[in-house]
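A quick write-up on the structure given underneath.
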Amino acid sequence: MASSSALVRALATRDSRLFFSGSMVAWTGLWMQRIAVSWLAWELTGSAFWVGMVAFCDLAPAVFISPLAGAMADRVDRVKLAMWTQLAIALQSALVAGITFSGHMTIAILLVLEVLGGVAASFAQPARQTLMPGIVARADLPAAVAANSLCFATARFIGPAIAGPVIAIWGVVPAIAGNAVGYMFACLSIYLLRIDPKERRGHPASASLFGEVMEGLRYAARHPGLGPILLYAALGALLLRGVQEILPPFVERLFGRGAESLAILTACFGVGALVAGLWVASRGRLEGTTRLAVFAGLAQAVATVGFVATSFFPFGMLCAALIGGTASIHGISVQTLIQSATDTTYRGRMLSLWGLITRAFPALGALSLGAAGELFGLQWPTLVAVALFLGVFAWGLTRLRRMERELEGEPASSASR
């Protein structure tokens with residue numbers, strides 16, 4: 001009951017309701033566009049490599065942009081940064097929809113527009129996420145992080161559920177345009193927030209932007225808890241997330257199905273993530289979160305093996321739900337640890353590293369899996385990636401106890417680091 005009340009408190013204020021409703025609408029549009037763009041790339045090329053390349057172009061800008069975006073989120077007005085970057089995402093979606101509607105879309109144009117969208121998203125992620133401690137009390141932060149992930153998981157279910165029939169009946173354009181509408185709403189919700197001025201900025205600019213990026217990287221590398229958990233998450237995203245990023249070839253080659261089944265599988269990922277997210281939120285405590293993050297990676301690897309080892313669609317749906325659930329547990333746990341253990345001064349930069357992990361590493365994994373899939377089929381490259389992750393999991397076990405001590409206690413001050 002107490003844990004449920006923590007979740008209720010995290011959603012009780014006007015600002016939290018605005019924040020999470022904006023997130024829900026924007027991410028529903030995001031998942032509609034992801035499904036539509038992925039299917040559009042498959043229709044334009046019929047190639048798993050190019051589907052992977054589209055995912056890569058959307059996610060890879062985080063490699064270069066996220067560290068700078070995190071430093072900016074620590075030194076500028078985070079509310080204004082979140083508003084302008086979300087407006088940019090809406091404009092990118094409108095461009096993709098408009099050019100596709102005109103009949104002039106090519107794979108080259110699509111790749112360029114996905115890069116632009118990826119740049120905007122890399123700035124938006126730390127700007128928006130750093131606002132969360134300004135809308136809830138620190139005691140309710142784990143529940144707020146879980147609520148944020150629940151919004152994403154719910155959108156991951158609703159978005160594909162809407163996108164599948166829309167694409168089947170009217171094509172990809174309305175599904176992509178839905179993302180433009182969603183991010184315009186999110187931009188308005190941020191404008192209406194009343195955030196404490198102390199939470200709108202991390203600190204006054206004290207060095208060059210590049211200098212602050214390097215300072216953030218050193219902070220993460222020296223931190224005995226944050227450094228290892230971020231590395232574990234990065235390697236997991238590289239080796240395990242590729243399957244989710246290039247689903248169309250799996251749908252057609254493994255299961256012999258089309259766009260509606262793509263939406264069904266994506267919705268299964270979302271249902272699993274939603275159920276798991278509700279469970280994590282119901283815990284309402286920080287203790288044991290590090291262990292959850294590590295072992296959820298192993299469970300995701302096992303579910304991935306099940307997904308690629310079958311052509312029986314109902315079993316594939318079950319494995320997709322398990323992948324979504326275990327990935328949700330891992331993601332919520334890591335985000336909670338970052339928000340809780342990071343000194344306020346570095347919050348934007350640490351969340352930007354998380355953004356880099358969730359965008360750039362899946363992009364690289366998708367590109368590698370798509371290229372290998374053209375040569376060897378999709379199953380064996382996926383199984384090799386899972387085998388490599390088992391080594392990562394073994395390494396994570398050796399660091400587990402120290403990570404627990406460092407990440408589940410009170411955050412150390414920047415001076416002590």
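By order in the structure tokens, chains are A, B, ...; within a chain, residues start at 1; ligands start at 1, following the order shown.
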Near stretch 148-169 of chain A, 12 Å: stretch 221-305 of chain A residue rows, closest pairs, only C-alpha atoms, as JSON lines:
```
{"residue": "A:Gln244", "atom": "CA", "partner": "A:Arg156", "partner_atom": "CA", "distance": 11.8}
{"residue": "A:Gly258", "atom": "CA", "partner": "A:Ala168", "partner_atom": "CA", "distance": 9.2}
{"residue": "A:Ala259", "atom": "CA", "partner": "A:Gly164", "partner_atom": "CA", "distance": 6.3}
{"residue": "A:Glu260", "atom": "CA", "partner": "A:Gly164", "partner_atom": "CA", "distance": 4.9}
{"residue": "A:Ser261", "atom": "CA", "partner": "A:Gly164", "partner_atom": "CA", "distance": 7.9}
{"residue": "A:Leu262", "atom": "CA", "partner": "A:Gly164", "partner_atom": "CA", "distance": 7.4}
{"residue": "A:Ala263", "atom": "CA", "partner": "A:Pro160", "partner_atom": "CA", "distance": 4.8}
{"residue": "A:Ile264", "atom": "CA", "partner": "A:Ala161", "partner_atom": "CA", "distance": 6.9}
{"residue": "A:Leu265", "atom": "CA", "partner": "A:Pro160", "partner_atom": "CA", "distance": 8.7}
{"residue": "A:Thr266", "atom": "CA", "partner": "A:Pro160", "partner_atom": "CA", "distance": 6.2}
{"residue": "A:Ala267", "atom": "CA", "partner": "A:Phe157", "partner_atom": "CA", "distance": 4.3}
{"residue": "A:Cys268", "atom": "CA", "partner": "A:Phe157", "partner_atom": "CA", "distance": 7.0}
{"residue": "A:Phe269", "atom": "CA", "partner": "A:Phe157", "partner_atom": "CA", "distance": 7.3}
{"residue": "A:Gly270", "atom": "CA", "partner": "A:Phe157", "partner_atom": "CA", "distance": 4.3}
{"residue": "A:Val271", "atom": "CA", "partner": "A:Phe157", "partner_atom": "CA", "distance": 5.8}
{"residue": "A:Gly272", "atom": "CA", "partner": "A:Ala153", "partner_atom": "CA", "distance": 8.1}
{"residue": "A:Ala273", "atom": "CA", "partner": "A:Ala153", "partner_atom": "CA", "distance": 5.2}
{"residue": "A:Leu274", "atom": "CA", "partner": "A:Ala153", "partner_atom": "CA", "distance": 4.9}
{"residue": "A:Val275", "atom": "CA", "partner": "A:Leu150", "partner_atom": "CA", "distance": 8.6}
{"residue": "A:Ala276", "atom": "CA", "partner": "A:Leu150", "partner_atom": "CA", "distance": 8.8}
{"residue": "A:Gly277", "atom": "CA", "partner": "A:Leu150", "partner_atom": "CA", "distance": 5.5}
{"residue": "A:Leu278", "atom": "CA", "partner": "A:Leu150", "partner_atom": "CA", "distance": 6.9}
{"residue": "A:Trp279", "atom": "CA", "partner": "A:Leu150", "partner_atom": "CA", "distance": 10.1}
{"residue": "A:Val280", "atom": "CA", "partner": "A:Leu150", "partner_atom": "CA", "distance": 9.6}
{"residue": "A:Ala281", "atom": "CA", "partner": "A:Leu150", "partner_atom": "CA", "distance": 8.5}
{"residue": "A:Ser282", "atom": "CA", "partner": "A:Leu150", "partner_atom": "CA", "distance": 11.5}
```
- Message: Taking 5 positions as the minimum chain separation for residues in the same chain, which residues sit within 10 Å of A:Met403 when counting only C-alpha atoms? Answer as a VMD selection string.
- Response: chain A and resid 223 to 229 290 to 291 396 to 398 408
Please produce a file of those selected residues containing N, CA and C atoms, as a compact mmCIF listing (two decimals), in the first residue's frame.
```txt
# COMPACT_ATOMS: atom_id res chain seq x y z
N HIS A 223 33.24 7.36 -10.86
CA HIS A 223 32.20 6.92 -9.92
C HIS A 223 32.16 5.39 -9.91
N PRO A 224 32.40 4.75 -8.77
CA PRO A 224 32.48 3.29 -8.73
C PRO A 224 31.15 2.58 -8.95
N GLY A 225 30.05 3.33 -8.94
CA GLY A 225 28.76 2.73 -9.20
C GLY A 225 28.22 3.09 -10.58
N LEU A 226 28.24 4.39 -10.91
CA LEU A 226 27.68 4.85 -12.17
C LEU A 226 28.47 4.33 -13.37
N GLY A 227 29.79 4.36 -13.28
CA GLY A 227 30.61 3.90 -14.40
C GLY A 227 30.29 2.46 -14.80
N PRO A 228 30.35 1.51 -13.88
CA PRO A 228 30.05 0.12 -14.25
C PRO A 228 28.61 -0.11 -14.71
N ILE A 229 27.63 0.52 -14.08
CA ILE A 229 26.24 0.25 -14.49
C ILE A 229 25.97 0.85 -15.86
N THR A 290 19.82 -2.19 -8.12
CA THR A 290 21.01 -2.55 -8.89
C THR A 290 20.96 -4.01 -9.32
N ARG A 291 20.57 -4.86 -8.42
CA ARG A 291 20.46 -6.29 -8.74
C ARG A 291 19.41 -6.52 -9.83
N GLY A 396 29.33 -8.25 -14.98
CA GLY A 396 28.47 -7.46 -14.12
C GLY A 396 28.30 -8.08 -12.74
N LEU A 397 28.23 -9.40 -12.68
CA LEU A 397 28.11 -10.08 -11.38
C LEU A 397 29.31 -9.80 -10.49
N THR A 398 30.50 -9.70 -11.10
CA THR A 398 31.70 -9.45 -10.29
C THR A 398 31.70 -8.04 -9.69
N GLU A 408 22.96 2.80 -4.16
CA GLU A 408 21.73 2.74 -3.38
C GLU A 408 21.83 3.52 -2.06
```
Contacts of stretch 163-236 of chain A with stretch 18-42 of chain A up to 6 Å, shortest pair per row, only C-alpha atoms, as a Markdown table:
```
| residue | atom | partner | partner_atom | distance |
| --- | --- | --- | --- | --- |
| A:Ala163 | CA | A:Met32 | CA | 5.1 |
| A:Val172 | CA | A:Ala36 | CA | 5.1 |
| A:Ala175 | CA | A:Met32 | CA | 5.4 |
| A:Ile176 | CA | A:Gln33 | CA | 4.5 |
| A:Gly178 | CA | A:Gly29 | CA | 5.3 |
| A:Asn179 | CA | A:Gly29 | CA | 3.7 |
| A:Gly182 | CA | A:Ala26 | CA | 4.3 |
| A:Tyr183 | CA | A:Ala26 | CA | 4.8 |
| A:Ala186 | CA | A:Gly22 | CA | 4.3 |
| A:Ser189 | CA | A:Gly22 | CA | 5.6 |
```
- Which neighbours of A:Gln379 fall inside 12 Å, counting only C-alpha atoms, when residues of the same chain fewer than 5 positions from it are skipped, and could you give them as a ChimeraX atom specification? /A:242-243,249-250,253-254,304-311,369-370,372-374,384-386
Store the residues of this selection in a file with N, CA and C atoms, as a PDB file, in the first residue's frame.
```
ATOM      1  N   GLY A 242      19.189  -4.777 -30.968  1.00  0.00           N
ATOM      2  CA  GLY A 242      19.073  -4.736 -32.419  1.00  0.00           C
ATOM      3  C   GLY A 242      17.815  -5.386 -32.946  1.00  0.00           C
ATOM      4  N   VAL A 243      17.369  -6.459 -32.298  1.00  0.00           N
ATOM      5  CA  VAL A 243      16.163  -7.167 -32.736  1.00  0.00           C
ATOM      6  C   VAL A 243      14.962  -6.232 -32.742  1.00  0.00           C
ATOM      7  N   PRO A 249      12.182  -7.053 -41.013  1.00  0.00           N
ATOM      8  CA  PRO A 249      12.739  -8.278 -41.600  1.00  0.00           C
ATOM      9  C   PRO A 249      12.425  -9.530 -40.785  1.00  0.00           C
ATOM     10  N   PHE A 250      12.407  -9.412 -39.455  1.00  0.00           N
ATOM     11  CA  PHE A 250      12.050 -10.555 -38.625  1.00  0.00           C
ATOM     12  C   PHE A 250      10.601 -10.969 -38.886  1.00  0.00           C
ATOM     13  N   ARG A 253      10.592 -12.472 -42.609  1.00  0.00           N
ATOM     14  CA  ARG A 253      11.434 -13.636 -42.875  1.00  0.00           C
ATOM     15  C   ARG A 253      11.222 -14.776 -41.871  1.00  0.00           C
ATOM     16  N   LEU A 254      11.037 -14.442 -40.604  1.00  0.00           N
ATOM     17  CA  LEU A 254      10.844 -15.494 -39.608  1.00  0.00           C
ATOM     18  C   LEU A 254       9.406 -15.989 -39.571  1.00  0.00           C
ATOM     19  N   THR A 304      15.307 -13.221 -25.856  1.00  0.00           N
ATOM     20  CA  THR A 304      15.726 -12.963 -27.236  1.00  0.00           C
ATOM     21  C   THR A 304      16.030 -14.263 -27.972  1.00  0.00           C
ATOM     22  N   VAL A 305      16.667 -15.190 -27.280  1.00  0.00           N
ATOM     23  CA  VAL A 305      16.922 -16.510 -27.885  1.00  0.00           C
ATOM     24  C   VAL A 305      15.608 -17.170 -28.274  1.00  0.00           C
ATOM     25  N   GLY A 306      14.625 -17.139 -27.394  1.00  0.00           N
ATOM     26  CA  GLY A 306      13.333 -17.725 -27.692  1.00  0.00           C
ATOM     27  C   GLY A 306      12.666 -17.076 -28.894  1.00  0.00           C
ATOM     28  N   PHE A 307      12.814 -15.749 -29.018  1.00  0.00           N
ATOM     29  CA  PHE A 307      12.168 -15.018 -30.106  1.00  0.00           C
ATOM     30  C   PHE A 307      12.716 -15.422 -31.473  1.00  0.00           C
ATOM     31  N   VAL A 308      14.038 -15.526 -31.582  1.00  0.00           N
ATOM     32  CA  VAL A 308      14.624 -15.799 -32.897  1.00  0.00           C
ATOM     33  C   VAL A 308      14.681 -17.288 -33.214  1.00  0.00           C
ATOM     34  N   ALA A 309      14.388 -18.137 -32.234  1.00  0.00           N
ATOM     35  CA  ALA A 309      14.510 -19.586 -32.447  1.00  0.00           C
ATOM     36  C   ALA A 309      13.213 -20.210 -32.927  1.00  0.00           C
ATOM     37  N   THR A 310      12.190 -19.389 -33.180  1.00  0.00           N
ATOM     38  CA  THR A 310      10.887 -19.950 -33.540  1.00  0.00           C
ATOM     39  C   THR A 310      10.326 -19.249 -34.766  1.00  0.00           C
ATOM     40  N   SER A 311       9.461 -19.943 -35.499  1.00  0.00           N
ATOM     41  CA  SER A 311       8.666 -19.319 -36.551  1.00  0.00           C
ATOM     42  C   SER A 311       7.182 -19.372 -36.188  1.00  0.00           C
ATOM     43  N   LEU A 369      23.438  -5.929 -36.979  1.00  0.00           N
ATOM     44  CA  LEU A 369      22.547  -7.075 -37.154  1.00  0.00           C
ATOM     45  C   LEU A 369      21.939  -7.085 -38.553  1.00  0.00           C
ATOM     46  N   GLY A 370      21.573  -5.892 -39.057  1.00  0.00           N
ATOM     47  CA  GLY A 370      21.023  -5.813 -40.402  1.00  0.00           C
ATOM     48  C   GLY A 370      22.029  -6.235 -41.457  1.00  0.00           C
ATOM     49  N   ALA A 372      24.757  -8.177 -40.973  1.00  0.00           N
ATOM     50  CA  ALA A 372      25.023  -9.609 -40.820  1.00  0.00           C
ATOM     51  C   ALA A 372      23.839 -10.438 -41.306  1.00  0.00           C
ATOM     52  N   GLY A 373      22.623  -9.901 -41.126  1.00  0.00           N
ATOM     53  CA  GLY A 373      21.443 -10.620 -41.564  1.00  0.00           C
ATOM     54  C   GLY A 373      21.372 -10.808 -43.066  1.00  0.00           C
ATOM     55  N   GLU A 374      21.939  -9.852 -43.824  1.00  0.00           N
ATOM     56  CA  GLU A 374      21.970  -9.995 -45.274  1.00  0.00           C
ATOM     57  C   GLU A 374      22.886 -11.139 -45.699  1.00  0.00           C
ATOM     58  N   VAL A 384      24.728 -15.189 -31.705  1.00  0.00           N
ATOM     59  CA  VAL A 384      26.118 -14.839 -31.372  1.00  0.00           C
ATOM     60  C   VAL A 384      26.152 -13.626 -30.443  1.00  0.00           C
ATOM     61  N   ALA A 385      25.304 -12.621 -30.730  1.00  0.00           N
ATOM     62  CA  ALA A 385      25.243 -11.433 -29.871  1.00  0.00           C
ATOM     63  C   ALA A 385      24.815 -11.798 -28.452  1.00  0.00           C
ATOM     64  N   VAL A 386      23.841 -12.690 -28.334  1.00  0.00           N
ATOM     65  CA  VAL A 386      23.394 -13.128 -27.008  1.00  0.00           C
ATOM     66  C   VAL A 386      24.531 -13.837 -26.275  1.00  0.00           C
TER      67      VAL A 386
END
```
Kindly provide the residues of stretch 323-368 of chain A that approach stretch 117-139 of chain A to within 6 Å, each paired with its closest atom pair and their distance in Å to one decimal, based on only C-alpha atoms, listed by chain and increasing number, as a tab-separated table.
```
residue	atom	partner	partner_atom	distance
A:Gly348	CA	A:Pro126	CA	5.6
A:Leu351	CA	A:Pro126	CA	5.5
A:Ser352	CA	A:Pro126	CA	5.2
```
Could you dump the residues just selected with N, CA and C atoms as a PDB file, in the first residue's frame?
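And here is the file that came out, part-v9.pdb:
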```pdb
ATOM      1  N   GLY A 348      22.274  16.460 -15.741  1.00  0.00           N
ATOM      2  CA  GLY A 348      22.040  16.515 -17.177  1.00  0.00           C
ATOM      3  C   GLY A 348      23.040  15.687 -17.955  1.00  0.00           C
ATOM      4  N   LEU A 351      22.344  11.912 -17.429  1.00  0.00           N
ATOM      5  CA  LEU A 351      21.166  11.494 -18.185  1.00  0.00           C
ATOM      6  C   LEU A 351      21.429  11.533 -19.685  1.00  0.00           C
ATOM      7  N   SER A 352      22.325  12.419 -20.127  1.00  0.00           N
ATOM      8  CA  SER A 352      22.676  12.418 -21.547  1.00  0.00           C
ATOM      9  C   SER A 352      23.465  11.164 -21.907  1.00  0.00           C
TER      10      SER A 352
END
```
Leaving out A:Cys187 and any residue of its chain fewer than 6 positions from it, which residues lie within 7 Å of it when counting only C-alpha atoms, given as a PDB file with N, CA, C and O atoms, in the first residue's frame?
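Written file, selection.pdb:
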```
ATOM      1  N   MET A  83      11.413  22.701 -24.757  1.00  0.00           N
ATOM      2  CA  MET A  83      10.370  23.189 -25.665  1.00  0.00           C
ATOM      3  C   MET A  83      10.865  23.273 -27.103  1.00  0.00           C
ATOM      4  O   MET A  83      10.231  22.758 -28.028  1.00  0.00           O
ATOM      5  N   GLN A  86      11.626  19.811 -28.744  1.00  0.00           N
ATOM      6  CA  GLN A  86      10.413  19.055 -29.066  1.00  0.00           C
ATOM      7  C   GLN A  86       9.686  19.668 -30.257  1.00  0.00           C
ATOM      8  O   GLN A  86       9.100  18.947 -31.078  1.00  0.00           O
ATOM      9  N   LEU A  87       9.748  20.982 -30.395  1.00  0.00           N
ATOM     10  CA  LEU A  87       9.190  21.624 -31.583  1.00  0.00           C
ATOM     11  C   LEU A  87       9.939  21.168 -32.843  1.00  0.00           C
ATOM     12  O   LEU A  87       9.326  20.922 -33.894  1.00  0.00           O
TER      13      LEU A  87
END
```
- Find the distance between atom CA of A:Ala146 and atom CA of A:Val294 and write it in Å to one decimal.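 Atom-to-atom, atom CA of A:Ala146 and atom CA of A:Val294 are spaced 17.0 Å apart.
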- Task: In Å, rounded to a single decimal, give me how far atom CA of A:Leu292 is from atom CA of A:Ser333.
- Result: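 Going from atom CA of A:Ser333 over to atom CA of A:Leu292, I get 6.7 Å.
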